[in-house]
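Structure data (compact mmCIF, C-alpha atoms) from my_file_18.txt:
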# COMPACT_ATOMS: atom_id res chain seq x y z
CA MET A 149 113.63 27.97 93.22
CA ASN A 150 111.84 25.56 95.62
CA ASP A 151 113.41 22.34 96.92
CA LYS A 152 111.51 20.12 94.46
CA ASN A 153 112.68 22.07 91.42
CA ALA A 154 116.22 22.33 92.82
CA ASN A 155 116.37 18.55 93.34
CA LYS A 156 115.05 17.96 89.83
CA LYS A 157 117.65 20.29 88.34
CA GLU A 158 120.44 18.60 90.29
CA GLN A 159 119.23 15.15 89.18
CA ILE A 160 119.35 16.22 85.53
CA ILE A 161 122.84 17.70 85.98
CA LYS A 162 124.19 14.53 87.62
CA THR A 163 122.60 12.33 84.95
CA ALA A 164 124.04 14.45 82.15
CA MET A 165 127.47 14.28 83.77
CA GLN A 166 127.29 10.47 83.82
CA LEU A 167 126.50 10.40 80.10
CA PHE A 168 129.09 13.05 79.27
CA ALA A 169 131.73 11.03 81.14
CA VAL A 170 131.00 7.99 78.95
CA LYS A 171 130.12 9.49 75.56
CA GLY A 172 131.22 13.10 75.73
CA SER A 173 128.88 16.08 75.62
CA SER A 174 128.87 16.41 71.82
CA SER A 175 127.74 12.78 71.37
CA THR A 176 125.02 12.92 74.03
CA SER A 177 121.54 14.09 73.07
CA MET A 178 118.95 15.80 75.23
CA GLN A 179 116.64 12.86 74.47
CA GLU A 180 119.12 10.43 76.04
CA ILE A 181 119.43 12.61 79.12
CA ALA A 182 115.66 12.84 79.48
CA GLU A 183 115.21 9.05 79.12
CA LEU A 184 117.84 8.27 81.75
CA CYS A 185 116.19 10.80 84.09
CA GLY A 186 112.80 9.15 83.52
CA ILE A 187 111.20 12.32 82.18
CA SER A 188 110.02 13.53 78.80
CA LYS A 189 112.19 15.65 76.54
CA GLY A 190 109.63 18.45 76.89
CA SER A 191 109.96 18.35 80.69
CA LEU A 192 113.74 18.54 80.33
CA TYR A 193 113.44 21.68 78.20
CA LEU A 194 111.25 23.27 80.87
CA VAL A 195 114.24 23.11 83.21
CA PHE A 196 117.03 23.82 80.71
CA LYS A 197 116.12 25.83 77.63
CA SER A 198 118.99 24.37 75.60
CA LYS A 199 121.85 21.91 75.76
CA GLU A 200 124.25 24.87 76.03
CA GLU A 201 122.43 26.10 79.14
CA LEU A 202 122.65 22.60 80.64
CA GLU A 203 126.40 22.44 79.92
CA ARG A 204 126.95 25.85 81.58
CA SER A 205 124.98 24.68 84.60
CA ILE A 206 127.13 21.55 84.85
CA TYR A 207 130.35 23.54 84.95
CA ILE A 208 128.94 25.94 87.55
CA TYR A 209 127.76 22.94 89.59
CA CYS A 210 131.26 21.43 89.51
CA PHE A 211 132.83 24.78 90.36
CA ARG A 212 130.57 25.25 93.40
CA MET A 213 131.05 21.65 94.43
CA ILE A 214 134.74 22.44 94.88
CA ARG A 215 134.43 26.06 96.02
CA ASP A 216 131.99 25.56 98.92
CA PRO A 217 134.14 23.19 101.02
CA LEU A 218 137.16 25.39 100.33
CA GLN A 219 135.29 28.36 101.76
CA ARG A 220 134.18 26.36 104.80
CA GLU A 221 137.82 25.45 105.47
CA GLU A 222 138.80 29.12 105.17
CA LEU A 223 136.35 29.97 107.97
CA GLU A 224 137.68 27.24 110.26
CA SER A 225 138.99 29.06 113.35
CA ARG A 226 140.76 26.14 115.02
CA ARG A 227 143.48 25.76 112.39
CA SER A 228 146.49 27.87 111.48
CA PRO A 229 146.68 29.61 108.06
CA ARG A 230 149.23 27.03 106.92
CA GLU A 231 147.00 24.13 107.98
CA LYS A 232 144.07 25.71 106.15
CA LEU A 233 146.07 26.05 102.93
CA ARG A 234 147.28 22.46 103.15
CA ASN A 235 143.74 21.18 103.76
CA GLN A 236 142.36 23.28 100.92
CA VAL A 237 144.84 21.74 98.50
CA GLU A 238 143.73 18.27 99.65
CA ILE A 239 140.04 19.21 99.30
CA LEU A 240 140.62 20.51 95.78
CA LEU A 241 142.49 17.40 94.65
CA ASN A 242 139.96 15.03 96.23
CA HIS A 243 137.05 16.66 94.39
CA VAL A 244 138.96 16.68 91.11
CA TYR A 245 139.61 12.97 91.65
CA GLU A 246 135.88 12.36 92.22
CA LEU A 247 135.12 14.16 88.95
CA ARG A 248 138.03 12.65 87.05
CA GLU A 249 136.03 10.60 84.50
CA PHE A 250 133.84 13.55 83.58
CA LEU A 251 136.79 15.98 83.47
CA GLN A 252 138.98 13.65 81.41
CA ARG A 253 136.27 13.27 78.79
CA GLN A 254 135.76 17.05 78.64
CA ILE A 255 139.50 17.61 78.25
CA GLN A 256 139.57 15.14 75.36
CA GLU A 257 136.69 16.96 73.65
CA PHE A 258 138.24 20.39 74.13
CA ALA A 259 141.53 19.10 72.73
CA GLY A 260 139.74 18.39 69.45
CA LYS A 261 138.46 21.94 69.11
CA ASP A 262 140.43 24.77 67.53
CA VAL A 263 139.26 27.37 70.05
CA MET A 264 138.09 26.94 73.61
CA GLU A 265 136.34 30.03 74.93
CA VAL A 266 136.64 30.46 78.70
CA PRO A 267 133.21 31.24 80.19
CA GLU A 268 132.77 34.77 81.54
CA TRP A 269 131.80 33.55 85.02
CA LEU A 270 135.03 31.55 85.19
CA ARG A 271 137.15 34.45 83.95
CA LYS A 272 135.64 36.69 86.62
CA SER A 273 136.51 34.16 89.31
CA ASN A 274 140.22 34.42 88.53
CA ALA A 275 140.74 37.93 89.93
CA PRO A 276 139.13 37.17 93.33
CA LEU A 277 141.14 33.94 93.43
CA LEU A 278 144.40 35.84 92.86
CA THR A 279 143.44 38.39 95.52
CA TRP A 280 142.69 35.54 97.93
CA PHE A 281 146.10 34.02 97.16
CA GLN A 282 147.82 37.37 97.81
CA ASN A 283 146.11 37.62 101.20
CA LYS A 284 147.07 34.04 101.98
CA LEU A 285 150.71 34.69 101.10
CA GLU A 286 150.84 37.84 103.23
CA THR A 287 149.30 36.02 106.20
CA LEU A 288 151.76 33.15 105.90
CA TYR A 289 154.97 34.98 105.00
CA GLY A 290 154.49 38.72 105.53
CA PRO A 291 154.15 41.65 103.07
CA ASP A 292 157.65 41.21 101.60
CA ILE A 293 156.45 38.20 99.62
CA LEU A 294 153.71 40.09 97.76
CA ALA A 295 156.10 41.15 94.97
CA TYR A 296 156.38 37.43 94.09
CA THR A 297 152.63 36.74 93.93
CA GLY A 298 152.75 36.15 90.17
CA ASP A 299 155.71 33.78 90.34
CA LEU A 300 154.21 31.79 93.21
CA SER A 301 150.86 31.62 91.40
CA LEU A 302 152.62 30.05 88.42
CA LEU A 303 154.42 27.60 90.68
CA GLY A 304 151.30 26.64 92.64
CA SER A 305 149.02 26.23 89.63
CA GLY A 306 151.70 24.30 87.76
CA MET A 307 152.21 21.88 90.64
CA ILE A 308 148.47 21.36 91.07
CA HIS A 309 148.07 20.62 87.35
CA SER A 310 150.93 18.13 87.65
CA TYR A 311 149.30 16.46 90.67
CA ILE A 312 146.04 16.19 88.72
CA ARG A 313 147.85 14.41 85.89
CA VAL A 314 149.23 11.96 88.45
CA ILE A 315 145.90 11.22 90.13
CA PHE A 316 144.18 10.80 86.77
CA ASN A 317 146.41 7.79 86.20
CA GLN A 318 145.10 4.59 87.72
CA GLY A 319 147.20 3.11 90.50
CA SER A 320 149.08 6.28 91.41
CA PRO A 321 151.69 5.46 94.08
CA VAL A 322 151.29 8.90 95.72
CA SER A 323 148.37 9.72 98.02
CA ILE A 324 146.46 12.98 97.71
CA ALA A 325 147.24 13.77 101.35
CA ARG A 326 150.96 13.48 100.59
CA MET A 327 150.57 15.75 97.57
CA ALA A 328 148.98 18.44 99.76
CA ASP A 329 151.85 18.18 102.26
CA HIS A 330 154.38 18.31 99.43
CA LEU A 331 152.96 21.46 97.85
CA VAL A 332 152.93 23.45 101.09
CA ASP A 333 156.43 22.21 102.01
CA LEU A 334 157.69 23.19 98.57
CA LEU A 335 156.06 26.60 98.88
CA ASP A 336 157.89 27.17 102.19
CA ILE A 337 161.23 26.28 100.59
CA VAL A 338 160.73 28.55 97.57
CA VAL A 339 159.51 31.48 99.66
CA SER A 340 162.51 31.15 101.97
CA GLY A 341 164.84 31.41 98.97
CA LEU A 342 162.99 34.37 97.46
CA LEU A 343 163.01 36.34 100.69
CA ALA A 344 166.68 35.59 101.25
CA ASP A 345 167.99 36.38 97.75
CA LYS A 346 165.34 38.91 96.59
CA PRO A 347 165.69 38.29 92.83
CA ASP A 348 163.62 40.28 90.36
CA PRO A 349 160.27 38.49 89.88
CA LEU A 350 159.41 36.99 86.52
CA ILE A 351 155.83 38.30 86.74
CA SER A 352 156.13 41.91 87.85
CA SER A 353 153.90 43.66 90.35
CA ALA A 354 153.00 46.11 87.58
CA TYR A 355 151.62 43.34 85.41
CA LEU A 356 149.55 41.91 88.28
CA THR A 357 148.09 45.33 89.09
CA GLN A 358 147.14 45.86 85.45
CA TRP A 359 145.70 42.35 85.19
CA LEU A 360 143.52 42.85 88.27
CA GLU A 361 142.28 46.16 86.87
CA GLU A 362 141.27 44.49 83.60
CA HIS A 363 139.76 41.30 85.02
CA GLY A 364 138.42 42.24 88.45
CA ASP A 365 134.75 43.01 89.04
CA THR A 366 135.80 46.09 91.01
CA PRO A 367 138.95 47.33 89.27
CA ARG A 368 141.78 48.55 91.45
CA LYS A 369 143.43 51.86 90.70
CA SER A 370 147.05 51.88 89.65
CA PRO A 371 149.51 54.19 91.47
CA LEU A 372 149.64 56.45 88.40
CA GLN A 373 145.87 56.83 88.27
CA LEU A 374 145.79 57.75 91.95
CA ILE A 375 148.61 60.29 91.56
CA LYS A 376 146.72 62.01 88.71
CA GLU A 377 143.65 62.25 90.91
CA MET A 378 145.75 63.70 93.73
CA LYS A 379 147.07 66.41 91.40
CA VAL A 380 143.53 67.45 90.50
CA LEU A 381 142.40 67.35 94.13
CA LEU A 382 145.35 69.39 95.37
CA SER A 383 144.90 72.01 92.63
CA ALA A 384 141.23 72.39 93.61
CA THR A 385 141.93 72.85 97.33
CA PRO A 386 141.47 76.57 98.20
CA ALA A 387 143.31 76.38 101.53
CA VAL A 388 146.64 75.64 99.81
CA ASP A 389 148.74 78.71 98.96
CA THR A 390 150.57 79.07 95.66
CA GLN A 391 154.01 78.03 96.94
CA SER A 392 152.66 74.98 98.79
CA LEU A 393 150.64 74.01 95.72
CA GLU A 394 153.71 74.15 93.50
CA GLU A 395 155.73 72.10 95.98
CA GLY A 396 152.97 69.51 96.31
CA LEU A 397 152.54 69.19 92.55
CA GLU A 398 156.31 68.93 92.18
CA SER A 399 156.42 66.08 94.71
CA LEU A 400 153.61 64.31 92.86
CA GLY A 401 155.38 64.85 89.54
CA ILE A 402 158.65 63.40 90.86
CA LEU A 403 156.77 60.47 92.34
CA GLU A 404 155.01 59.87 89.03
CA SER A 405 158.29 59.98 87.08
CA GLU A 406 159.95 57.61 89.54
CA ILE A 407 157.13 55.07 89.29
CA LEU A 408 157.42 55.09 85.51
CA MET A 409 161.06 54.00 85.78
CA PRO A 410 161.84 50.26 85.41
CA HIS A 411 163.58 50.34 88.82
CA PRO A 412 162.11 53.07 91.05
CA ARG A 413 164.51 54.43 93.68
CA LYS A 414 162.99 53.59 97.03
CA ALA A 415 164.56 56.55 98.83
CA ILE A 416 163.05 59.01 96.32
CA VAL A 417 159.62 57.38 96.51
CA ARG A 418 159.62 57.42 100.31
CA GLY A 419 160.84 61.03 100.37
CA MET A 420 158.03 62.22 98.10
CA LEU A 421 155.43 60.31 100.12
CA ALA A 422 156.77 61.98 103.26
CA ASN A 423 156.51 65.43 101.63
CA LEU A 424 152.85 64.81 100.78
CA GLN A 425 151.94 64.12 104.40
CA SER A 426 151.79 67.89 105.02
CA TYR A 427 148.64 68.18 102.83
CA PRO A 428 145.53 67.20 104.87
CA ALA A 429 143.35 67.28 101.75
CA LEU A 430 145.30 64.29 100.41
CA ASP A 431 145.18 62.15 103.57
CA LYS A 432 142.81 59.48 102.25
CA GLU A 433 144.42 59.27 98.81
CA LEU A 434 147.89 59.16 100.38
CA GLN A 435 146.85 56.22 102.56
CA ASP A 436 145.55 54.41 99.48
CA LEU A 437 148.75 55.19 97.57
CA ASN A 438 150.87 53.83 100.41
CA LYS A 439 148.87 50.60 100.35
CA LEU A 440 149.43 50.23 96.61
CA ILE A 441 153.14 50.95 96.77
CA SER A 442 154.34 49.51 100.10
CA PRO A 443 154.16 45.77 99.17
CA TYR A 444 156.57 46.35 96.30
CA MET A 445 159.09 48.61 98.04
CA GLN A 446 161.11 45.65 99.26
CA ASN A 447 161.91 44.70 95.68
CA THR A 448 162.86 47.09 92.87
CA CYS A 449 160.72 45.44 90.24
CA GLY A 450 158.78 48.39 88.85
CA LEU A 451 155.37 49.64 89.88
CA TYR A 452 153.68 50.16 86.55

Could you write out this file's structure as structure tokens?
Amino acid sequence: MNDKNANKKEQIIKTAMQLFAVKGSSSTSMQEIAELCGISKGSLYLVFKSKEELERSIYIYCFRMIRDPLQREELESRRSPREKLRNQVEILLNHVYELREFLQRQIQEFAGKDVMEVPEWLRKSNAPLLTWFQNKLETLYGPDILAYTGDLSLLGSGMIHSYIRVIFNQGSPVSIARMADHLVDLLDIVVSGLLADKPDPLISSAYLTQWLEEHGDTPRKSPLQLIKEMKVLLSATPAVDTQSLEEGLESLGILESEILMPHPRKAIVRGMLANLQSYPALDKELQDLNKLISPYMQNTCGLY
């Protein structure tokens, strides 16, 4: 798309957002949008084939409007990971505040509908976002915190939704900058308690693994899937004698049974992983299995 067409498309999107903020999308016609843009209705339909296509483009426009500065902050080399996270929270809240009239009207419209279908492009963005959050947590607090990714995701998203409710109200006494500081400070406090007490997480690592497999664009294997593949690979390796094959399959079987338990015994899991190191044919798969298992070994919360 050339610059002229891109500018025209953006103008239509911004105009439609202005009308949607005042009247709502269901009460705004394509004719009204065209008139406010100073173009004919036919010209509008040359850019957007339907009102539904225009609405999808608006949501993608808003999503990218927030995502792009967040990504730029992530690439900023002069700030620490904690500073980046704090600034990203502030960027997110500032853009939501800029879009507040449009978003509030859309929320009101959705509230009147029996079913709100989440767009596929938005559903697909959730898995990469969770993976990004896992990486952020590990960078900030170390691998021991990964077992609590689900719990901290609930906490973070809940706090952000609460902040949004506050900033939607006119005359909020709390600044967005203070909210960003507050969220990161609160995260530090909660993480400190989790790492000290090591309670069982509410959202298990098993559930997160399964969720990422179902919702990610490139599904991750579960430990059980990888173990099954290792059994097949080991059985098909001609260099392994009968006794070694039986011992290797036994170690994989014990490991599989242990992972199926609600509270896997870490000593057993580590022992079986150590046994499997004597099989060169499984080197790559064993490395992958260690990566899947190691974040959760600090907390007996179940792996599947």

* Shell of 10 Å around Cys210 of chain A, all atoms listed in the file, local chain residues under 6 positions omitted, as an MDAnalysis selection string -> chainID A and resid 161 165 243:244 247 251

* Go through A:Ile160, A:Met420, A:Leu288, A:Ile293 and flag the residue nearest Pro347 of chain A, using all atoms listed in the file for the distances. => A:Ile293

* To do: Find the residues near segment 391-408 of chain A: any atom within 8 Å, counting all atoms listed in the file, skip ones fewer than 5 places away on the same chain, and give them as an MDAnalysis selection string.
  => chainID A and resid 371:372 375 378:379 382:383 413 416:417 420:421 423:424 427 450:452

* Which residue out of A:Asp292, A:Val170, A:Glu183, A:Thr287 has the minimum interatomic distance to Ala344 of chain A when all atoms listed in the file are used? ->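 Under the stated criterion, the closest residue is A:Asp292.
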
* What separation in Å, quoted to one decimal, exists between atom CA of Pro349 of chain A and atom CA of Leu300 of chain A? ->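 Separation between atom CA of Pro349 of chain A and atom CA of Leu300 of chain A: 9.6 Å.
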
* To do: For Tyr209 of chain A, please output as a PyMOL selection string all residues within 10 Å (counting all atoms listed in the file; exclusion window: fewer than 5 positions along the same chain).
  => chain A and resi 158+161-162+203-204+214-215
